[in-house]
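Novice: My file is data_30.pdb. It has PDB, C-alpha atoms:
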ATOM      1  CA  MET O   1      94.129  39.356  84.063
ATOM      2  CA  MET O   2      90.900  37.592  82.997
ATOM      3  CA  VAL O   3      90.489  39.943  80.017
ATOM      4  CA  LYS O   4      94.075  39.318  78.908
ATOM      5  CA  SER O   5      93.535  35.533  79.044
ATOM      6  CA  LEU O   6      90.209  35.881  77.235
ATOM      7  CA  ASN O   7      91.818  37.954  74.484
ATOM      8  CA  LYS O   8      94.643  35.416  74.099
ATOM      9  CA  ASN O   9      92.182  32.502  73.843
ATOM     10  CA  PHE O  10      89.977  34.452  71.454
ATOM     11  CA  LEU O  11      92.995  35.246  69.273
ATOM     12  CA  ILE O  12      94.069  31.589  69.192
ATOM     13  CA  ASN O  13      90.527  30.524  68.279
ATOM     14  CA  LEU O  14      90.307  33.171  65.568
ATOM     15  CA  LEU O  15      93.694  32.179  64.149
ATOM     16  CA  LEU O  16      92.676  28.505  63.999
ATOM     17  CA  ILE O  17      89.406  29.294  62.223
ATOM     18  CA  SER O  18      91.158  31.729  59.863
ATOM     19  CA  PHE O  19      93.892  29.194  59.069
ATOM     20  CA  ILE O  20      91.345  26.513  58.184
ATOM     21  CA  PHE O  21      89.326  28.942  56.068
ATOM     22  CA  LEU O  22      92.451  30.243  54.284
ATOM     23  CA  ILE O  23      93.868  26.794  53.478
ATOM     24  CA  ASP O  24      90.447  25.704  52.223
ATOM     25  CA  ARG O  25      89.959  28.814  50.075
ATOM     26  CA  LEU O  26      93.448  28.652  48.572
ATOM     27  CA  SER O  27      93.083  24.959  47.688
ATOM     28  CA  LYS O  28      89.695  25.538  46.054
ATOM     29  CA  ILE O  29      90.868  28.618  44.142
ATOM     30  CA  TYR O  30      93.890  26.694  42.863
ATOM     31  CA  VAL O  31      91.886  23.663  41.757
ATOM     32  CA  ILE O  32      89.274  25.853  40.055
ATOM     33  CA  TYR O  33      92.115  27.724  38.314
ATOM     34  CA  LEU O  34      93.678  24.442  37.139
ATOM     35  CA  ASP O  35      90.306  23.164  35.988
ATOM     36  CA  ASN O  36      89.733  26.305  33.914
ATOM     37  CA  LYS O  37      93.294  26.222  32.555
ATOM     38  CA  GLU O  38      93.240  22.530  31.637
ATOM     39  CA  LEU O  39      89.648  22.630  30.345
ATOM     40  CA  GLN O  40      88.991  19.206  31.841
ATOM     41  CA  THR O  41      87.756  17.880  35.156
ATOM     42  CA  GLN O  42      90.610  15.378  35.641
ATOM     43  CA  ILE O  43      93.485  17.554  36.881
ATOM     44  CA  PHE O  44      95.699  14.862  38.410
ATOM     45  CA  SER O  45      95.514  11.093  38.441
ATOM     46  CA  SER O  46      97.512   8.449  40.250
ATOM     47  CA  LYS O  47      97.078   4.921  41.571
ATOM     48  CA  TYR O  48      95.201   6.044  44.733
ATOM     49  CA  LEU O  49      94.394   9.722  44.261
ATOM     50  CA  ASN O  50      92.656  11.778  41.616
ATOM     51  CA  ILE O  51      92.206  15.521  41.688
ATOM     52  CA  GLN O  52      89.076  16.277  39.738
ATOM     53  CA  LEU O  53      86.692  19.156  40.242
ATOM     54  CA  LEU O  54      83.061  18.365  41.019
ATOM     55  CA  TRP O  55      80.495  20.955  42.086
ATOM     56  CA  ASN O  56      78.430  19.653  44.997
ATOM     57  CA  GLU O  57      75.028  21.340  45.330
ATOM     58  CA  GLY O  58      73.929  19.105  48.204
ATOM     59  CA  ILE O  59      75.304  18.559  51.680
ATOM     60  CA  ALA O  60      77.848  15.999  52.915
ATOM     61  CA  PHE O  61      78.895  13.588  50.179
ATOM     62  CA  GLY O  62      76.411  15.080  47.721
ATOM     63  CA  LEU O  63      73.280  14.158  49.673
ATOM     64  CA  PHE O  64      70.187  16.184  48.741
ATOM     65  CA  SER O  65      71.721  17.387  45.460
ATOM     66  CA  LEU O  66      68.644  18.736  43.767
ATOM     67  CA  ASN O  67      68.285  21.482  41.201
ATOM     68  CA  GLN O  68      65.547  23.235  43.149
ATOM     69  CA  GLY O  69      66.437  26.822  44.101
ATOM     70  CA  LYS O  70      64.033  27.122  47.038
ATOM     71  CA  PHE O  71      65.179  23.835  48.578
ATOM     72  CA  TYR O  72      68.832  24.841  48.111
ATOM     73  CA  ASN O  73      68.198  28.179  49.831
ATOM     74  CA  PHE O  74      66.309  26.480  52.668
ATOM     75  CA  LEU O  75      69.153  24.001  53.105
ATOM     76  CA  THR O  76      71.677  26.860  53.187
ATOM     77  CA  ILE O  77      69.675  28.637  55.907
ATOM     78  CA  ILE O  78      69.519  25.437  57.988
ATOM     79  CA  ILE O  79      73.277  24.934  57.558
ATOM     80  CA  THR O  80      73.917  28.549  58.615
ATOM     81  CA  ILE O  81      71.848  28.062  61.782
ATOM     82  CA  LEU O  82      73.751  24.865  62.589
ATOM     83  CA  ILE O  83      77.085  26.624  62.054
ATOM     84  CA  ILE O  84      76.092  29.412  64.444
ATOM     85  CA  PHE O  85      75.054  26.787  66.999
ATOM     86  CA  ILE O  86      78.430  25.020  66.606
ATOM     87  CA  LEU O  87      80.227  28.318  67.245
ATOM     88  CA  TYR O  88      78.086  28.865  70.354
ATOM     89  CA  LEU O  89      78.964  25.370  71.620
ATOM     90  CA  ALA O  90      82.652  25.947  70.866
ATOM     91  CA  PHE O  91      82.812  29.074  72.997
ATOM     92  CA  LYS O  92      81.017  27.309  75.868
ATOM     93  CA  SER O  93      83.364  24.295  75.696
ATOM     94  CA  LYS O  94      86.903  23.744  76.898
ATOM     95  CA  GLY O  95      89.901  21.688  75.911
ATOM     96  CA  ILE O  96      89.801  19.180  73.102
ATOM     97  CA  LYS O  97      86.033  19.499  72.740
ATOM     98  CA  LYS O  98      86.389  23.227  72.060
ATOM     99  CA  TYR O  99      89.067  22.734  69.418
ATOM    100  CA  SER O 100      87.131  19.870  67.830
ATOM    101  CA  LEU O 101      84.134  22.177  67.454
ATOM    102  CA  LEU O 102      86.391  24.938  66.087
ATOM    103  CA  LEU O 103      87.735  22.517  63.442
ATOM    104  CA  ILE O 104      84.166  21.686  62.448
ATOM    105  CA  PHE O 105      83.246  25.383  62.446
ATOM    106  CA  GLY O 106      86.261  26.404  60.352
ATOM    107  CA  GLY O 107      85.527  23.765  57.704
ATOM    108  CA  ALA O 108      81.815  24.517  57.723
ATOM    109  CA  ILE O 109      82.475  28.238  57.178
ATOM    110  CA  GLY O 110      84.655  27.364  54.172
ATOM    111  CA  ASN O 111      81.897  25.289  52.608
ATOM    112  CA  LEU O 112      79.195  27.829  53.515
ATOM    113  CA  TYR O 113      81.186  30.526  51.724
ATOM    114  CA  ASP O 114      81.090  28.447  48.546
ATOM    115  CA  ARG O 115      77.380  27.672  48.925
ATOM    116  CA  ILE O 116      76.650  31.396  49.144
ATOM    117  CA  PHE O 117      79.030  32.729  46.482
ATOM    118  CA  HIS O 118      79.138  29.798  44.021
ATOM    119  CA  ASN O 119      75.791  28.075  44.738
ATOM    120  CA  ALA O 120      77.769  24.851  45.113
ATOM    121  CA  VAL O 121      80.794  23.529  46.969
ATOM    122  CA  PRO O 122      83.840  22.535  44.898
ATOM    123  CA  ASP O 123      84.958  19.014  45.848
ATOM    124  CA  PHE O 124      88.104  17.677  44.244
ATOM    125  CA  ILE O 125      89.931  15.027  46.314
ATOM    126  CA  ASP O 126      89.064  11.556  45.001
ATOM    127  CA  LEU O 127      90.674   8.697  46.948
ATOM    128  CA  HIS O 128      90.335   5.266  45.407
ATOM    129  CA  ILE O 129      91.668   1.739  45.443
ATOM    130  CA  GLY O 130      91.175   0.052  42.121
ATOM    131  CA  GLY O 131      87.560   0.569  41.120
ATOM    132  CA  PHE O 132      86.376   1.575  44.610
ATOM    133  CA  HIS O 133      86.145   5.359  44.962
ATOM    134  CA  TRP O 134      85.453   7.131  48.227
ATOM    135  CA  PHE O 135      83.201  10.197  48.102
ATOM    136  CA  VAL O 136      84.914  13.205  46.521
ATOM    137  CA  PHE O 137      85.697  15.832  49.168
ATOM    138  CA  ASN O 138      87.683  19.027  49.828
ATOM    139  CA  VAL O 139      90.030  20.461  52.467
ATOM    140  CA  ALA O 140      87.162  21.885  54.565
ATOM    141  CA  ASP O 141      85.648  18.404  54.718
ATOM    142  CA  ILE O 142      88.952  17.069  56.100
ATOM    143  CA  PHE O 143      88.838  19.502  59.024
ATOM    144  CA  ILE O 144      85.152  18.796  59.633
ATOM    145  CA  THR O 145      85.863  15.052  59.665
ATOM    146  CA  ILE O 146      88.802  15.430  62.086
ATOM    147  CA  GLY O 147      86.626  17.534  64.397
ATOM    148  CA  VAL O 148      83.771  15.012  64.280
ATOM    149  CA  PHE O 149      86.219  12.153  64.875
ATOM    150  CA  PHE O 150      87.520  13.813  68.050
ATOM    151  CA  MET O 151      83.979  14.608  69.219
ATOM    152  CA  ILE O 152      83.034  10.930  68.832
ATOM    153  CA  LEU O 153      86.238   9.852  70.569
ATOM    154  CA  LEU O 154      85.509  12.238  73.456
ATOM    155  CA  GLU O 155      81.979  10.886  73.735
ATOM    156  CA  PHE O 156      83.227   7.288  73.894
ATOM    157  CA  THR O 157      85.824   8.108  76.546
ATOM    158  CA  ALA O 158      83.273  10.080  78.586
ATOM    159  CA  THR O 159      80.792   7.194  78.350
ATOM    160  CA  ASN O 160      83.451   4.682  79.429
ATOM    161  CA  ASN O 161      84.399   6.864  82.416
ATOM    162  CA  LYS O 162      80.741   7.086  83.495
ATOM    163  CA  LEU O 163      80.310   3.320  83.238
ATOM    164  CA  LYS O 164      83.322   2.635  85.479
ATOM    165  CA  ILE O 165      81.905   4.710  88.347
TER     166      ILE O 165
END
Show the structure stored in the file as structure tokens.

Specialist:
Amino acid sequence: MMVKSLNKNFLINLLLISFIFLIDRLSKIYVIYLDNKELQTQIFSSKYLNIQLLWNEGIAFGLFSLNQGKFYNFLTIIITILIIFILYLAFKSKGIKKYSLLLIFGGAIGNLYDRIFHNAVPDFIDLHIGGFHWFVFNVADIFITIGVFFMILLEFTATNNKLKI
């Protein structure tokens, strides 16, 4: 019975990670296709949203974007180690914490794929109000952000429960 439950949970986890990776890949492939077809970086523009392809060689929000091959490779190795650690934590966790870590893992795998095969991550969602633009991001970043949000929320609720005791 334990093996059957383990296989069911493993399958659900694998499906969640695969879904995130697939949605991320398809969105990036489509935007790259449109960018190549239109021969311009501005694919779509509206009052609050632009779709424009930018290649991010750094980490979150373009931090550490340097044109140094050795540093880029070192950063990719560090990111890979962190992703493996997140997967380890996910399989040791339960409930919302587990699924939060799986959301982070699924998004991170999508971005790692691009770092390895494209040497940069395609970011293309540009939210803005007037002249204020948020950092350009992609679908994988959305899942990572949702996972981090729930991890922070869980930490706050756990801290509040400990303080009440």

Novice: Restricting the calculation to all atoms listed in the file, which member of O:Trp55, O:Phe10, O:Phe105, O:Tyr30 is positioned closest to Asp123 of chain O?

Specialist: O:Trp55

Novice: Between atom CA of Asp35 of chain O and atom CA of Tyr113 of chain O, what distance in Å does the model show, to one decimal?

Specialist: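 Between atom CA of Asp35 of chain O and atom CA of Tyr113 of chain O the gap works out to 19.6 Å.
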
Novice: Quick check, in Å to one decimal: how far apart do atom CA of Ile104 of chain O and atom CA of Asn138 of chain O lie?

Specialist: 13.4 Å

Novice: Dump as a tab-separated table the rows for residues of segment 95-145 of chain O within 9 Å of segment 73-80 of chain O: closest atom pair and distance in Å with one decimal, all atoms listed in the file counted, ordered by chain and rising residue number.

Specialist:
residue	atom	partner	partner_atom	distance
O:Ala108	CA	O:Ile79	CA	8.5
O:Ile109	CA	O:Thr80	CA	8.7
O:Leu112	CA	O:Thr80	CA	7.4
O:Arg115	CA	O:Thr76	CA	7.2
O:Ile116	CA	O:Thr76	CA	7.9

Novice: Near segment 149-154 of chain O, counting all atoms listed in the file, which residues have an atom at most 12 Å away, once you skip same-chain residues fewer than 3 positions from it, shown as a list in words?

Specialist: Ala90, Ser93, Gly95, Ile96, Lys97, Lys98, Tyr99, Ser100, Leu101, Leu102, Leu103, Ile104, Asp141, Ile142, Phe143, Ile144, Thr145, Ile146, Thr157, Ala158, Thr159, Asn160 and Asn161 of chain O

Novice: With only C-alpha atoms as the atoms that count, which of O:Pro122, O:Val31, O:Trp134, O:Ile83 lies nearest to Ile43 of chain O?

Specialist: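 Once distances to Ile43 of chain O are computed over only C-alpha atoms, the minimum belongs to O:Val31.
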
Novice: Write out as AutoDock Vina command-line options an axis-aligned box for segment 98-103 of chain O: all of its atoms listed in the file, 3 Å added on each side, centre and edge lengths in Å with one decimal.

Specialist:
--center_x 86.6 --center_y 22.4 --center_z 67.8 --size_x 10.9 --size_y 11.1 --size_z 14.6

Novice: From the set O:Glu155, O:Asn111, O:Gly106, O:Ala140, which residue has the shortest atom-to-atom contact distance to Leu14 of chain O, counting all atoms listed in the file?

Specialist: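 With all atoms listed in the file as the atom set, the closest residue is O:Gly106.
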
Novice: Of the residues O:Ile81, O:Val148, O:Val136, O:Val121, which is the one nearest to Glu57 of chain O, using only C-alpha atoms?

Specialist: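 Selected residue with least distance to Glu57 of chain O: O:Val121.
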
Novice: Select, from O:Ile129, O:Asp114, O:Phe156, O:Gly147, the residue with the minimum atom-to-atom distance to Asp24 of chain O, counting only C-alpha atoms.

Specialist: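 Selected residue with least distance to Asp24 of chain O: O:Asp114.
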
Novice: When you look at Asp126 of chain O with a cut-off of 8 Å (counting all atoms listed in the file), what residues show up, excluding the ones that are within fewer than 2 positions of it in the same chain? I need them as a ChimeraX atom specification.

Specialist: /O:49-52,124,128,133-137

Novice: I need the chosen residues saved as a compact mmCIF listing (two decimals), keeping the file's coordinate frame, with C-alpha atoms.

Specialist:
# COMPACT_ATOMS: atom_id res chain seq x y z
CA LEU O 49 94.39 9.72 44.26
CA ASN O 50 92.66 11.78 41.62
CA ILE O 51 92.21 15.52 41.69
CA GLN O 52 89.08 16.28 39.74
CA PHE O 124 88.10 17.68 44.24
CA HIS O 128 90.34 5.27 45.41
CA HIS O 133 86.14 5.36 44.96
CA TRP O 134 85.45 7.13 48.23
CA PHE O 135 83.20 10.20 48.10
CA VAL O 136 84.91 13.20 46.52
CA PHE O 137 85.70 15.83 49.17

Novice: Under the rule that all atoms listed in the file are counted, which of O:Gly58, O:Gly131, O:Tyr88, O:His118 is the nearest residue to Ile32 of chain O?

Specialist: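 Once distances to Ile32 of chain O are computed over all atoms listed in the file, the minimum belongs to O:His118.
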
Novice: Please indicate the distance in Å from atom CA of Leu87 of chain O to atom CA of Lys8 of chain O, rounded to one decimal place.

Specialist: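 Atom-to-atom, atom CA of Leu87 of chain O and atom CA of Lys8 of chain O are spaced 17.5 Å apart.
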